[in-house]
Each structure stands twice: as C-alpha cells, then as structure tokens.
>>> print(open('entry_15.cif').read())   # mmCIF, C-alpha atoms
data_data
#
loop_
_atom_site.label_atom_id
_atom_site.label_comp_id
_atom_site.auth_asym_id
_atom_site.auth_seq_id
_atom_site.Cartn_x
_atom_site.Cartn_y
_atom_site.Cartn_z
CA MET A 12 110.69 107.50 77.82
CA THR A 13 110.08 104.19 79.59
CA PRO A 14 106.33 103.41 79.71
CA GLN A 15 104.69 103.19 83.09
CA ARG A 16 104.11 99.57 84.05
CA ILE A 17 100.76 98.75 85.65
CA LEU A 18 100.11 95.26 87.00
CA THR A 19 96.82 93.66 87.99
CA GLY A 20 96.34 90.16 89.42
CA ILE A 21 93.04 88.30 89.44
CA THR A 22 92.62 85.31 91.74
CA PRO A 23 90.52 82.54 90.13
CA SER A 24 88.41 81.54 93.11
CA GLY A 25 84.87 81.96 91.81
CA THR A 26 82.53 83.09 89.03
CA PRO A 27 82.81 86.82 88.15
CA HIS A 28 79.83 88.99 89.08
CA LEU A 29 78.61 92.51 88.27
CA GLY A 30 80.65 93.97 91.13
CA ASN A 31 83.86 92.45 89.77
CA TYR A 32 83.15 93.88 86.34
CA ALA A 33 82.26 97.44 87.40
CA GLY A 34 84.85 97.67 90.17
CA ALA A 35 87.88 96.01 88.57
CA ILE A 36 87.52 94.53 85.09
CA ARG A 37 85.99 97.47 83.22
CA PRO A 38 88.33 100.17 84.61
CA ALA A 39 91.36 97.92 84.07
CA VAL A 40 90.44 97.24 80.43
CA GLU A 41 89.94 100.98 79.87
CA ALA A 42 93.31 101.71 81.49
CA SER A 43 95.04 99.20 79.21
CA GLN A 44 94.07 101.31 76.20
CA ARG A 45 95.86 104.46 77.38
CA PRO A 46 99.06 105.48 75.59
CA GLY A 47 102.37 105.34 77.44
CA VAL A 48 101.29 102.41 79.63
CA GLU A 49 102.57 98.83 79.64
CA SER A 50 99.88 96.67 81.23
CA PHE A 51 100.31 93.29 82.92
CA TYR A 52 97.22 91.17 83.67
CA PHE A 53 97.61 87.75 85.19
CA LEU A 54 95.56 84.94 86.69
CA SER A 55 97.05 84.32 90.14
CA ASP A 56 96.26 80.62 90.32
CA TYR A 57 98.93 79.92 92.96
CA HIS A 58 97.16 82.39 95.24
CA ALA A 59 93.89 80.55 94.64
CA LEU A 60 95.37 77.50 96.37
CA VAL A 61 95.41 79.48 99.62
CA LYS A 62 91.67 80.06 99.36
CA THR A 63 90.37 76.73 98.07
CA ASP A 64 91.41 73.09 98.06
CA ASN A 65 89.03 72.16 95.23
CA PRO A 66 91.13 71.49 92.08
CA GLU A 67 88.11 71.50 89.76
CA ARG A 68 87.02 74.89 91.09
CA VAL A 69 90.48 76.39 90.52
CA GLN A 70 90.57 75.09 86.94
CA ARG A 71 86.99 76.13 86.12
CA SER A 72 87.40 79.56 87.68
CA THR A 73 90.64 80.13 85.76
CA LEU A 74 88.79 79.37 82.52
CA GLU A 75 85.81 81.58 83.41
CA ILE A 76 87.88 84.56 84.53
CA ALA A 77 90.22 84.40 81.52
CA ALA A 78 87.16 84.26 79.22
CA THR A 79 85.59 87.16 81.11
CA TRP A 80 88.58 89.45 80.61
CA LEU A 81 88.81 88.62 76.92
CA ALA A 82 85.06 89.05 76.43
CA ALA A 83 85.20 92.39 78.25
CA GLY A 84 87.60 93.74 75.66
CA LEU A 85 91.09 92.94 76.90
CA ARG A 86 93.35 92.68 73.85
CA PRO A 87 96.23 90.22 74.37
CA GLU A 88 98.18 91.77 71.51
CA ARG A 89 98.30 95.10 73.39
CA VAL A 90 98.93 93.85 76.94
CA TRP A 91 100.71 91.07 78.79
CA PHE A 92 98.04 88.49 79.67
CA TYR A 93 99.29 85.35 81.38
CA ARG A 94 98.81 82.73 84.08
CA GLN A 95 100.99 82.98 87.16
CA SER A 96 101.89 79.28 87.21
CA ASP A 97 103.19 79.47 83.62
CA ILE A 98 106.08 81.69 84.75
CA PRO A 99 108.29 79.62 87.09
CA GLU A 100 110.64 82.56 87.58
CA ILE A 101 107.98 84.13 89.82
CA THR A 102 108.14 81.31 92.36
CA GLU A 103 111.94 81.31 92.21
CA LEU A 104 111.90 85.02 92.91
CA ALA A 105 109.53 84.41 95.82
CA TRP A 106 112.20 82.23 97.44
CA LEU A 107 114.92 84.83 96.87
CA LEU A 108 112.66 87.41 98.50
CA THR A 109 111.83 85.04 101.36
CA CYS A 110 115.52 85.02 102.28
CA VAL A 111 115.53 88.80 102.86
CA THR A 112 112.08 89.06 104.50
CA GLY A 113 111.84 89.24 108.27
CA LYS A 114 109.29 87.02 109.96
CA GLY A 115 108.24 90.00 112.04
CA LEU A 116 107.07 91.77 108.88
CA LEU A 117 104.84 88.84 107.91
CA ASN A 118 103.54 88.54 111.47
CA ARG A 119 101.88 91.93 110.91
CA ALA A 120 99.96 90.91 107.77
CA HIS A 121 96.24 91.56 108.25
CA ALA A 122 95.06 88.15 107.01
CA TYR A 123 97.47 86.27 109.26
CA LYS A 124 96.65 88.44 112.29
CA ALA A 125 92.93 87.95 111.68
CA ALA A 126 93.37 84.15 111.60
CA VAL A 127 95.39 84.23 114.83
CA ASP A 128 92.89 86.51 116.57
CA LYS A 129 90.04 84.24 115.53
CA ASN A 130 91.84 81.18 116.91
CA ILE A 131 92.58 82.90 120.22
CA ALA A 132 88.94 84.05 120.52
CA GLU A 133 87.87 80.43 120.04
CA SER A 134 90.46 79.14 122.57
CA GLU A 135 92.47 77.42 119.84
CA GLU A 136 96.22 77.36 119.33
CA PRO A 137 97.18 80.71 117.70
CA ASP A 138 98.37 79.08 114.47
CA ALA A 139 95.72 76.37 114.24
CA GLY A 140 94.73 75.87 110.60
CA VAL A 141 97.19 78.52 109.39
CA THR A 142 99.10 77.26 106.35
CA MET A 143 102.43 78.61 105.20
CA GLY A 144 100.59 79.57 102.02
CA LEU A 145 98.52 82.06 104.02
CA PHE A 146 101.54 83.25 106.00
CA MET A 147 103.76 83.69 102.92
CA TYR A 148 101.03 85.18 100.72
CA PRO A 149 102.57 88.70 100.88
CA VAL A 150 105.95 87.40 99.66
CA LEU A 151 104.45 85.67 96.62
CA MET A 152 102.46 88.82 95.90
CA ALA A 153 105.67 90.84 96.13
CA ALA A 154 107.29 88.46 93.63
CA ASP A 155 104.35 88.93 91.24
CA ILE A 156 104.92 92.68 91.33
CA LEU A 157 108.70 92.89 91.50
CA MET A 158 109.35 90.34 88.76
CA PHE A 159 108.24 92.94 86.23
CA ASN A 160 109.20 96.04 88.24
CA ALA A 161 105.66 97.37 88.13
CA HIS A 162 105.33 101.07 88.93
CA LYS A 163 101.63 101.03 89.83
CA VAL A 164 99.38 98.27 91.19
CA PRO A 165 95.63 99.00 91.30
CA VAL A 166 94.31 97.59 94.58
CA GLY A 167 91.49 97.96 97.02
CA ARG A 168 92.18 99.56 100.39
CA ASP A 169 92.44 96.13 102.01
CA GLN A 170 95.46 95.33 99.81
CA VAL A 171 97.46 98.51 100.43
CA GLN A 172 99.37 96.81 103.27
CA HIS A 173 100.60 94.14 100.85
CA LEU A 174 101.98 96.86 98.58
CA GLU A 175 103.78 98.41 101.52
CA MET A 176 105.27 95.01 102.33
CA ALA A 177 106.40 94.57 98.72
CA ARG A 178 108.20 97.90 98.98
CA ASP A 179 109.87 96.86 102.25
CA ILE A 180 110.96 93.54 100.75
CA ALA A 181 112.31 95.21 97.61
CA THR A 182 114.24 97.69 99.73
CA SER A 183 115.79 94.85 101.76
CA PHE A 184 116.87 93.02 98.60
CA ASN A 185 118.24 96.21 97.03
CA HIS A 186 120.20 97.01 100.18
CA ARG A 187 121.81 93.58 100.24
CA TYR A 188 122.40 92.93 96.54
CA GLY A 189 122.24 96.28 94.77
CA GLU A 190 119.50 98.28 93.04
CA HIS A 191 117.43 95.72 91.13
CA PHE A 192 113.83 96.63 91.99
CA VAL A 193 111.79 99.79 91.64
CA LEU A 194 109.51 100.44 94.60
CA PRO A 195 105.90 99.89 93.47
CA GLU A 196 103.06 102.19 94.41
CA ALA A 197 99.49 101.28 95.28
CA ALA A 198 96.88 102.88 93.01
CA VAL A 199 93.64 103.12 94.98
CA ASP A 200 90.81 104.48 92.83
CA GLU A 201 88.43 106.14 95.28
CA SER A 202 85.97 106.83 92.45
CA VAL A 203 85.25 103.13 91.94
CA ALA A 204 82.23 102.37 94.09
CA THR A 205 81.59 99.01 95.69
CA LEU A 206 78.40 97.68 94.13
CA PRO A 207 75.62 96.44 96.38
CA GLY A 208 74.18 92.97 96.01
CA LEU A 209 70.60 91.73 96.08
CA ASP A 210 70.21 92.50 99.78
CA GLY A 211 71.89 95.92 99.74
CA ARG A 212 75.15 94.74 101.30
CA LYS A 213 78.40 94.65 99.33
CA MET A 214 78.04 92.24 96.42
CA SER A 215 80.05 89.22 97.55
CA LYS A 216 80.04 85.46 97.18
CA SER A 217 80.41 85.22 100.95
CA TYR A 218 77.01 86.94 101.36
CA ASP A 219 75.43 84.87 98.57
CA ASN A 220 73.96 88.06 97.14
CA ILE A 221 75.73 88.27 93.79
CA ILE A 222 74.45 88.75 90.26
CA PRO A 223 76.70 86.64 87.99
CA LEU A 224 78.11 88.76 85.18
CA PHE A 225 77.07 86.36 82.45
CA ALA A 226 73.82 85.03 83.88
CA SER A 227 71.26 84.10 81.22
CA PRO A 228 68.69 86.80 80.42
CA SER A 229 66.00 84.90 82.29
CA LEU A 230 68.16 84.41 85.40
CA LEU A 231 69.38 88.01 85.24
CA LYS A 232 65.80 89.27 85.18
CA LYS A 233 64.82 87.00 88.05
CA LEU A 234 67.74 88.24 90.18
CA VAL A 235 67.01 91.90 89.40
CA LEU A 236 63.39 91.40 90.46
CA ASN A 237 64.70 90.00 93.78
CA ILE A 238 66.64 93.17 94.65
CA VAL A 239 65.45 94.40 98.05
CA THR A 240 63.57 97.74 97.99
CA ASP A 241 61.46 99.65 100.50
CA SER A 242 57.66 99.55 100.72
CA LYS A 243 56.90 102.87 99.03
CA ALA A 244 53.99 102.65 96.59
CA PRO A 245 53.94 103.90 92.98
CA GLY A 246 53.70 107.69 92.94
CA GLU A 247 55.54 108.15 96.25
CA PRO A 248 58.94 109.87 95.87
CA LYS A 249 61.82 107.47 96.41
CA GLU A 250 65.33 108.09 97.73
CA THR A 251 68.32 107.34 95.52
CA GLU A 252 70.66 107.52 98.51
CA GLY A 253 71.17 104.00 99.84
CA SER A 254 69.13 102.41 97.05
CA ALA A 255 70.87 99.29 95.75
CA LEU A 256 68.73 99.41 92.63
CA PHE A 257 69.75 102.98 91.82
CA GLN A 258 73.45 102.32 92.52
CA LEU A 259 73.44 99.34 90.18
CA PHE A 260 71.76 101.37 87.45
CA GLN A 261 74.21 104.24 87.90
CA ALA A 262 77.19 101.89 87.52
CA PHE A 263 76.09 100.89 84.00
CA ALA A 264 74.30 104.01 82.75
CA THR A 265 75.54 107.22 81.18
CA PRO A 266 75.47 110.41 83.28
CA ALA A 267 72.43 111.59 81.33
CA GLU A 268 70.58 108.30 81.89
CA THR A 269 71.47 108.45 85.57
CA GLU A 270 69.97 111.92 85.94
CA THR A 271 66.82 110.79 84.15
CA MET A 272 66.49 107.87 86.56
CA ARG A 273 67.13 110.20 89.52
CA ALA A 274 64.24 112.39 88.35
CA ARG A 275 61.97 109.38 87.97
CA PHE A 276 62.80 108.31 91.53
CA ALA A 277 61.74 111.77 92.72
CA GLU A 278 58.54 111.46 90.69
CA GLY A 279 57.68 108.14 92.36
CA ILE A 280 58.53 105.51 89.75
CA ALA A 281 57.07 102.11 90.64
CA TRP A 282 59.64 99.62 91.86
CA GLY A 283 58.59 97.12 89.22
CA GLU A 284 59.16 99.67 86.46
CA ALA A 285 62.52 100.69 87.96
CA LYS A 286 63.64 97.07 88.04
CA GLU A 287 62.56 96.57 84.43
CA THR A 288 64.59 99.64 83.44
CA LEU A 289 67.63 98.29 85.32
CA PHE A 290 67.31 94.89 83.67
CA ASN A 291 67.14 96.46 80.20
CA LYS A 292 70.24 98.58 80.88
CA LEU A 293 72.20 95.58 82.20
CA GLU A 294 71.17 93.39 79.30
CA GLU A 295 72.09 96.13 76.81
CA THR A 296 75.62 96.22 78.27
CA ILE A 297 76.16 92.54 78.95
CA ALA A 298 74.51 90.81 75.97
CA PRO A 299 77.33 91.48 73.45
CA MET A 300 79.95 90.38 75.97
CA ARG A 301 77.90 87.30 76.87
CA VAL A 302 77.94 86.11 73.25
CA ARG A 303 81.72 86.44 73.11
CA TYR A 304 82.10 84.84 76.55
CA GLU A 305 80.06 81.78 75.57
CA GLU A 306 82.12 81.38 72.40
CA LEU A 307 85.33 81.45 74.43
CA ILE A 308 84.06 79.04 77.07
CA ALA A 309 83.07 76.63 74.31
CA GLY A 310 86.64 76.66 72.97
CA PRO A 311 88.96 76.49 76.01
CA ALA A 312 91.92 75.49 73.83
CA ARG A 313 91.96 79.00 72.39
CA ILE A 314 92.16 80.54 75.86
CA GLU A 315 94.92 78.12 76.81
CA GLN A 316 96.89 79.16 73.75
CA VAL A 317 96.46 82.86 74.56
CA LEU A 318 97.75 82.35 78.10
CA LYS A 319 100.63 80.10 77.03
CA SER A 320 101.71 82.51 74.29
CA GLY A 321 101.57 85.46 76.66
CA ALA A 322 103.68 83.68 79.27
CA ALA A 323 106.25 82.45 76.74
CA ALA A 324 106.75 85.94 75.29
CA LEU A 325 106.91 87.51 78.73
CA ARG A 326 109.47 84.99 79.98
CA ALA A 327 111.67 85.57 76.95
CA LYS A 328 111.57 89.36 77.19
CA TYR A 329 111.60 89.93 80.94
CA ALA A 330 111.37 87.06 83.41
CA THR A 331 114.19 84.73 82.30
CA PRO A 332 116.90 87.38 81.81
CA PHE A 333 115.87 89.21 84.98
CA ILE A 334 115.96 86.13 87.21
CA ALA A 335 119.38 85.32 85.74
CA ARG A 336 120.63 88.73 86.89
CA LEU A 337 119.11 88.25 90.33
CA ARG A 338 120.69 84.79 90.67
CA GLU A 339 124.04 86.30 89.74
CA ALA A 340 123.57 89.07 92.28
CA ALA A 341 122.72 86.60 95.05
CA GLY A 342 125.74 84.37 94.29
CA LEU A 343 123.95 81.53 92.47
CA ARG A 344 126.64 81.41 89.79
CA PRO A 345 128.39 78.80 87.62
CA LEU A 346 131.48 77.40 89.30
CA ASP A 347 133.56 77.36 86.11
CA ARG A 348 133.94 81.13 86.06
CA ILE A 349 134.87 82.08 89.59
CA PRO A 350 136.45 85.52 89.26
CA GLU A 351 139.84 86.40 90.62
CA PRO A 352 139.70 88.38 93.85
CA PRO A 353 139.55 92.08 92.97
CA THR A 354 142.60 94.21 93.43
CA ASP A 355 142.46 96.98 95.99
CA SER A 356 141.93 99.57 93.26
CA GLN A 357 139.15 97.49 91.64
CA ALA A 358 137.40 96.97 94.96
CA LYS A 359 137.63 100.69 95.65
CA ALA A 360 136.21 101.56 92.23
CA LYS A 361 133.35 99.10 92.67
CA ALA A 362 132.54 100.51 96.08
CA GLN A 363 132.42 104.03 94.71
CA LYS A 364 129.55 103.86 92.25
CA PRO A 365 126.97 106.65 92.47
CA GLN A 366 124.13 105.63 94.75
CA PHE A 367 121.08 106.83 96.61
CA LYS A 368 121.14 106.05 100.31
CA GLN A 369 117.94 106.08 102.36
CA TYR A 370 118.04 106.31 106.13
CA ARG A 371 116.18 107.46 109.22
CA GLU A 372 117.47 110.15 111.57
CA LYS A 373 116.97 110.59 115.30
CA ASP A 374 114.21 113.11 114.58
CA GLY A 375 112.10 110.20 113.32
CA LEU A 376 112.02 111.46 109.74
CA PHE A 377 113.24 109.61 106.65
CA TYR A 378 115.90 111.03 104.35
CA PHE A 379 117.87 110.14 101.26
CA LYS A 380 121.10 111.40 99.79
CA LEU A 381 122.88 110.94 96.48
CA VAL A 382 126.63 110.35 96.58
CA GLY A 383 128.86 110.34 93.52
CA ASP A 384 131.44 107.80 92.40
CA ASP A 385 134.05 109.73 94.39
CA GLY A 386 132.02 109.33 97.57
CA ASN A 387 131.16 113.01 97.76
CA LEU A 388 127.66 114.21 98.59
CA LEU A 389 125.67 115.48 95.58
CA LEU A 390 122.09 115.76 96.88
CA GLN A 391 120.60 115.91 100.38
CA SER A 392 116.85 115.47 100.81
CA ARG A 393 114.48 117.14 103.19
CA GLY A 394 112.82 114.98 105.84
CA PHE A 395 109.87 112.72 104.97
CA VAL A 396 107.25 111.37 107.36
CA SER A 397 107.47 107.84 105.90
CA ALA A 398 110.02 105.67 104.12
CA ARG A 399 107.48 105.28 101.33
CA GLU A 400 107.45 109.02 100.61
CA ALA A 401 111.26 109.10 100.54
CA GLY A 402 111.32 106.11 98.17
CA GLN A 403 108.73 107.73 95.89
CA ALA A 404 110.90 110.84 95.66
CA VAL A 405 113.95 108.74 94.72
CA THR A 406 111.91 106.94 92.07
CA GLY A 407 110.69 110.27 90.71
CA ILE A 408 114.24 111.59 90.40
CA LYS A 409 115.33 108.41 88.62
CA ASN A 410 112.40 108.82 86.22
CA GLY A 411 113.57 112.30 85.24
CA GLU A 412 111.53 114.50 87.59
CA ASN A 413 113.12 117.68 88.95
CA HIS A 414 115.08 116.82 92.11
CA GLU A 415 114.75 120.35 93.52
CA GLN A 416 111.25 119.66 94.88
CA TRP A 417 112.68 117.03 97.23
CA ALA A 418 116.39 117.69 97.72
CA GLU A 419 119.03 120.41 97.79
CA PRO A 420 122.33 120.13 95.90
CA ALA A 421 125.43 119.92 98.08
CA PRO A 422 127.44 123.17 98.20
CA ASP A 423 130.17 121.80 95.94
CA ALA A 424 127.85 119.88 93.54
CA ASP A 425 126.91 121.14 90.11
CA ASP A 426 123.96 120.17 87.91
CA THR A 427 126.15 118.26 85.46
CA SER A 428 127.68 115.96 88.08
CA ILE A 429 124.25 115.36 89.62
CA ARG A 430 122.71 114.49 86.25
CA GLN A 431 125.63 112.21 85.31
CA ALA A 432 125.33 110.34 88.61
CA ILE A 433 121.56 109.86 88.14
CA ASP A 434 122.05 108.70 84.55
CA ALA A 435 124.70 106.21 85.68
CA LEU A 436 122.29 104.80 88.27
CA CYS A 437 119.48 104.46 85.73
CA ALA A 438 121.84 102.73 83.28
CA ASP A 439 122.69 100.13 85.92
#
>>> encode(input="entry_15.cif", output="structure tokens")
Amino acid sequence: MTPQRILTGITPSGTPHLGNYAGAIRPAVEASQRPGVESFYFLSDYHALVKTDNPERVQRSTLEIAATWLAAGLRPERVWFYRQSDIPEITELAWLLTCVTGKGLLNRAHAYKAAVDKNIAESEEPDAGVTMGLFMYPVLMAADILMFNAHKVPVGRDQVQHLEMARDIATSFNHRYGEHFVLPEAAVDESVATLPGLDGRKMSKSYDNIIPLFASPSLLKKLVLNIVTDSKAPGEPKETEGSALFQLFQAFATPAETETMRARFAEGIAWGEAKETLFNKLEETIAPMRVRYEELIAGPARIEQVLKSGAAALRAKYATPFIARLREAAGLRPLDRIPEPPTDSQAKAKAQKPQFKQYREKDGLFYFKLVGDDGNLLLQSRGFVSAREAGQAVTGIKNGENHEQWAEPAPDADDTSIRQAIDALCAD
C-alpha cells in the first residue's frame, strides 16, 4: 500500500521560540516516526523573501531553523528534509500552475485582501506596496505541495484557505492536462494549543513577547521570571484558567506533573516558586537539545550537506521525473519526435479511458461519476455540499476505500468492471 505523504513547510523568517516547538516542531517530529507515513519537511526560503528583504536574516534563520529541527530529533535518513530553493522543479511547477490559475482566485487570498483593505483604509492606492510575491504566494505554496502529491498538510486555521486554493489549482490542471495531481487535504490539529508569551498574548515575534527555544539558561530564567501574573499572595488559591505560566508548564510537563501543578495552584503556590518550577521543567526538556543545537550551529557545513543531500535524492526520485511528465503533458516537448496525427480509431481509444468526472448540478450540490473506457456509466455519486468533499471521496476510492459509502453502481455495472476501471486510473 502506498504510504501516506505528509508535507510540512517552515519559513525561515526568525529565531524559533517555545511556541514554534510545542505547536509545530515537536508534533511534526513525532508524526515522522509513525509507520506507513512518508514525511516531507522543507525550509521555504523563497517564501521568506515575501516577508523580509534582509539577506543576512534569511540565511541566518535558515541555518537556525534547520539546526532546530535536527536538534529536536528529526532524522534525515527517515524523512525528506530539504531546502525549497535547492529543488528548481518547484519553481518551474509554480509557473505551470500559474497558467491554469484564475486571477479571481488569487484576488480572494486573505493576505492579499488584508493588504488591499489596509491601503484603502489609509487612502492609498489599493495595490500600493503589494508585490507579486505576496499576490502569487498561494501558487508557490500549491507547487510545494503538488510537486510531491502530498496527501496531508498540517496547517494552522489561517492556512486552510491556501490548501483549498491548492486543491482548486490542481483540479484546473488535471481538467486541462489529465490526472496528474492528488487533491491535498489540510490537517488542522485542534489539540495543539497556541502558547502564550510573556504578556499572556499569543507568543509571537510581532508582540515581542517570545521565549527563544534555545536561550541560555540564564536568559531563560530571566524571561520566565518576567512572565506576567496576577497580584495574589502566597497561600491564596490561584486560577489555572487563563494563566500563561500554567499553560507553558502544561505544554512541557507530563499529565501527572500537570495535575500536581494544578493542585499546587489551588493550594496557593507562590508565584516565585511556580516560576522556578516552570524554569526547571523547561530546562530539563531543552538542555539536551540545546547542546545538540549549539554543535550544529558551530558546524554549518554539516547542515548544508544534509540539505543538499536531501534535495539531490528527492529530485532524482520524484521531482525531476515528475516535472518531465508535466512538461510533456503541457506540450513542452522535443521537436525531433513530433508524433503522427492519431487515426480516428486511436483518437477514439484515447478519448475513452476510464475517468472520474466531477461537476456541479443545478441543485447547487457537487457530484462525481466514473465512466468506463467504453463511455458507459459505472458509478454515480450522491450530492456533496462542497467540491472538496466530492474530491475527497474520489481520492478515497482511488486509495482502495469502499465506493459504496459515496456512490451507487450504475444498473448495468458490475463490481469487476468498476474495480478494473479504478485500477486502470490508479495505474495511470
């Protein structure tokens, strides 16, 4: 069975902090160790150029984030770990996707709309300061995902729209040039809490309230002591709800340790003692990683080699042959092997391959049907509220799931002909 492909991109635009580790890095490293999963982790340095024009910052952040992932336990021999700019096929794919992407789709991107709304509110031209990098960001992100036909992409809620756009773009390309892309799905982990920063708001560089992941012990202790708390004295019961200190402790402690700390809050633990306990727990977790991180930072050539090796292997196995097929599909072909025009019978045979067709009816619902190589109907789906749900059902059927939960066989279709048609599609 084909392993599920899970892809995660990390933009190198700053120094990693505790929130990055607990919310993204740690769960992703744990996920990479599950059986039956093929994991792709990449440093999206082209995306960083949209957010910063400081070359030194992009380079330094790329080094720090790569070292962070390796120090946190990511094993390059078990996953694909690479730098976006080391795989030129991604940017070529972005152009191919650009040619099937409607401007109206990109007009609806949240980041672009926010920039336009801000300009209008300030009586500026709507597109003042808007670069094509910002505008085309969703297309490059789609290329990142579709290049390796990722099934799942872990994202925050603010990135779900980009996944929907990637699905729309893939569908447009598939409709024009044939079935080349699977439709990716967003994986939003609601159990991953957003960690608070020093002032209780979301830990973010924009709020200047972060705790750097690999701060020195002395700086880490200083920052923990600066966490905002209420004015309750020692001995007074304290609330865990809304307490930044408690939430930070919970993110790094075991369930048993968390319950012990909850009880101590109820008993009126002094804030100074609570902060000391938090510091000790953080240092216990981070210290071993910090040693490895500092070793990696001191030898950047080793990180460079890891990234280069990962990209070279990934290009050889996936990117280069896949982009060759996509170029062929789009008509970017050598001129010394122009085929003879197909005969009528050949053209008819080519037109009559089994295929899934997705469409929308007048009732506003989305449907799909499977037709065989003779053009006859094999499966007819029920109605779906969204195109995404219909696409997920098609993907499930292609991956071997029972079609009966989504579609009914045509009156004249039998299980054998349906299975043969699906197998033929998967082989293509």
>>> residues_around(input="entry_15.cif", residues="A:Gly84", least_positions_apart="2", cutoff="10 Å", atoms="all atoms listed in the file", output="ChimeraX atom specification")
/A:36-37,40-41,43-44,79-82,86-87,300,303
>>> resolve_selection(input="entry_15.cif", expression="the PyMOL selection byres ((chain A and resi 230-246) around 7)", output="PyMOL selection string")
chain A and resi 209-211+222+226-229+247-248+256+278-281+286+290
>>> resolve_selection(input="entry_15.cif", expression="the PyMOL selection byres ((chain A and resi 332-338) around 10)", output="ChimeraX atom specification")
/A:100-101,103-104,107,158-159,184,188-189,191,326-331,339-344
>>> write_last_selection(input="entry_15.cif", atoms="C-alpha atoms", output="short mmCIF file (atom, residue, chain, number, x, y, z; two decimals), in the frame of the given file")
data_model
loop_
_atom_site.label_atom_id
_atom_site.label_comp_id
_atom_site.auth_asym_id
_atom_site.auth_seq_id
_atom_site.Cartn_x
_atom_site.Cartn_y
_atom_site.Cartn_z
CA GLU A 100 110.64 82.56 87.58
CA ILE A 101 107.98 84.13 89.82
CA GLU A 103 111.94 81.31 92.21
CA LEU A 104 111.90 85.02 92.91
CA LEU A 107 114.92 84.83 96.87
CA MET A 158 109.35 90.34 88.76
CA PHE A 159 108.24 92.94 86.23
CA PHE A 184 116.87 93.02 98.60
CA TYR A 188 122.40 92.93 96.54
CA GLY A 189 122.24 96.28 94.77
CA HIS A 191 117.43 95.72 91.13
CA ARG A 326 109.47 84.99 79.98
CA ALA A 327 111.67 85.57 76.95
CA LYS A 328 111.57 89.36 77.19
CA TYR A 329 111.60 89.93 80.94
CA ALA A 330 111.37 87.06 83.41
CA THR A 331 114.19 84.73 82.30
CA GLU A 339 124.04 86.30 89.74
CA ALA A 340 123.57 89.07 92.28
CA ALA A 341 122.72 86.60 95.05
CA GLY A 342 125.74 84.37 94.29
CA LEU A 343 123.95 81.53 92.47
CA ARG A 344 126.64 81.41 89.79
#
>>> residues_around(input="entry_15.cif", residues="stretch 389-396 of chain A", least_positions_apart="3", cutoff="6 Å", atoms="all atoms listed in the file", output="NGL selection string")
:A and (376-382 or 401 or 417-421 or 424)
>>> write_last_selection(input="entry_15.cif", atoms="C-alpha atoms", output="PDB file, keeping the file's coordinate frame")
ATOM      1  CA  LEU A 376     112.020 111.460 109.740  1.00  0.00           C
ATOM      2  CA  PHE A 377     113.240 109.610 106.650  1.00  0.00           C
ATOM      3  CA  TYR A 378     115.900 111.030 104.350  1.00  0.00           C
ATOM      4  CA  PHE A 379     117.870 110.140 101.260  1.00  0.00           C
ATOM      5  CA  LYS A 380     121.100 111.400  99.790  1.00  0.00           C
ATOM      6  CA  LEU A 381     122.880 110.940  96.480  1.00  0.00           C
ATOM      7  CA  VAL A 382     126.630 110.350  96.580  1.00  0.00           C
ATOM      8  CA  ALA A 401     111.260 109.100 100.540  1.00  0.00           C
ATOM      9  CA  TRP A 417     112.680 117.030  97.230  1.00  0.00           C
ATOM     10  CA  ALA A 418     116.390 117.690  97.720  1.00  0.00           C
ATOM     11  CA  GLU A 419     119.030 120.410  97.790  1.00  0.00           C
ATOM     12  CA  PRO A 420     122.330 120.130  95.900  1.00  0.00           C
ATOM     13  CA  ALA A 421     125.430 119.920  98.080  1.00  0.00           C
ATOM     14  CA  ALA A 424     127.850 119.880  93.540  1.00  0.00           C
TER      15      ALA A 424
END
>>> closest_residue(input="entry_15.cif", among="A:Thr109, A:Gln70, A:Ser24, A:Ser50", to="A:Ile180", atoms="only C-alpha atoms")
A:Thr109
>>> atom_distance(input="entry_15.cif", atom1="atom CA of A:Gly383", atom2="atom CA of A:Glu400")
22.6 Å
>>> atom_distance(input="entry_15.cif", atom1="atom CA of A:Lys249", atom2="atom CA of A:Asn291")
20.3 Å
>>> closest_residue(input="entry_15.cif", among="A:Ala398, A:Ala264, A:Met214, A:Leu293", to="A:Gly34", atoms="all atoms listed in the file")
A:Met214
>>> residues_near_point(input="entry_15.cif", point="(78.1, 89.5, 86.6)", cutoff="10 Å", atoms="only C-alpha atoms", output="short mmCIF file (atom, residue, chain, number, x, y, z; two decimals) with C-alpha atoms, in the frame of the given file")
data_model
loop_
_atom_site.label_atom_id
_atom_site.label_comp_id
_atom_site.auth_asym_id
_atom_site.auth_seq_id
_atom_site.Cartn_x
_atom_site.Cartn_y
_atom_site.Cartn_z
CA THR A 26 82.53 83.09 89.03
CA PRO A 27 82.81 86.82 88.15
CA HIS A 28 79.83 88.99 89.08
CA LEU A 29 78.61 92.51 88.27
CA GLY A 30 80.65 93.97 91.13
CA ASN A 31 83.86 92.45 89.77
CA TYR A 32 83.15 93.88 86.34
CA ALA A 33 82.26 97.44 87.40
CA THR A 79 85.59 87.16 81.11
CA ILE A 221 75.73 88.27 93.79
CA ILE A 222 74.45 88.75 90.26
CA PRO A 223 76.70 86.64 87.99
CA LEU A 224 78.11 88.76 85.18
CA PHE A 225 77.07 86.36 82.45
CA ALA A 226 73.82 85.03 83.88
CA LEU A 231 69.38 88.01 85.24
CA LEU A 293 72.20 95.58 82.20
CA ILE A 297 76.16 92.54 78.95
CA ARG A 301 77.90 87.30 76.87
#
>>> atom_distance(input="entry_15.cif", atom1="atom CA of A:Pro207", atom2="atom CA of A:Ala255")
5.6 Å
>>> resolve_selection(input="entry_15.cif", expression="the PyMOL selection byres ((chain A and resi 160) around 12)", output="MDAnalysis selection string")
chainID A and resid 13:18 49:51 153:159 161:164 177:178 181 190:196 329:330 333 406
>>> residues_around(input="entry_15.cif", residues="A:Ser183", least_positions_apart="4", cutoff="9 Å", atoms="only C-alpha atoms", output="PDB file with C-alpha atoms, in the frame of the given file")
ATOM      1  CA  LEU A 108     112.660  87.410  98.500  1.00  0.00           C
ATOM      2  CA  VAL A 111     115.530  88.800 102.860  1.00  0.00           C
ATOM      3  CA  THR A 112     112.080  89.060 104.500  1.00  0.00           C
ATOM      4  CA  ARG A 178     108.200  97.900  98.980  1.00  0.00           C
ATOM      5  CA  ASP A 179     109.870  96.860 102.250  1.00  0.00           C
ATOM      6  CA  ARG A 187     121.810  93.580 100.240  1.00  0.00           C
ATOM      7  CA  TYR A 188     122.400  92.930  96.540  1.00  0.00           C
TER       8      TYR A 188
END
>>> closest_residue(input="entry_15.cif", among="A:Trp91, A:Ala120, A:Ile314, A:Phe367", to="A:Ala435", atoms="only C-alpha atoms")
A:Phe367
>>> closest_residue(input="entry_15.cif", among="A:Ala197, A:Leu116, A:Leu436, A:Leu318", to="A:Glu88", atoms="all atoms listed in the file")
A:Leu318
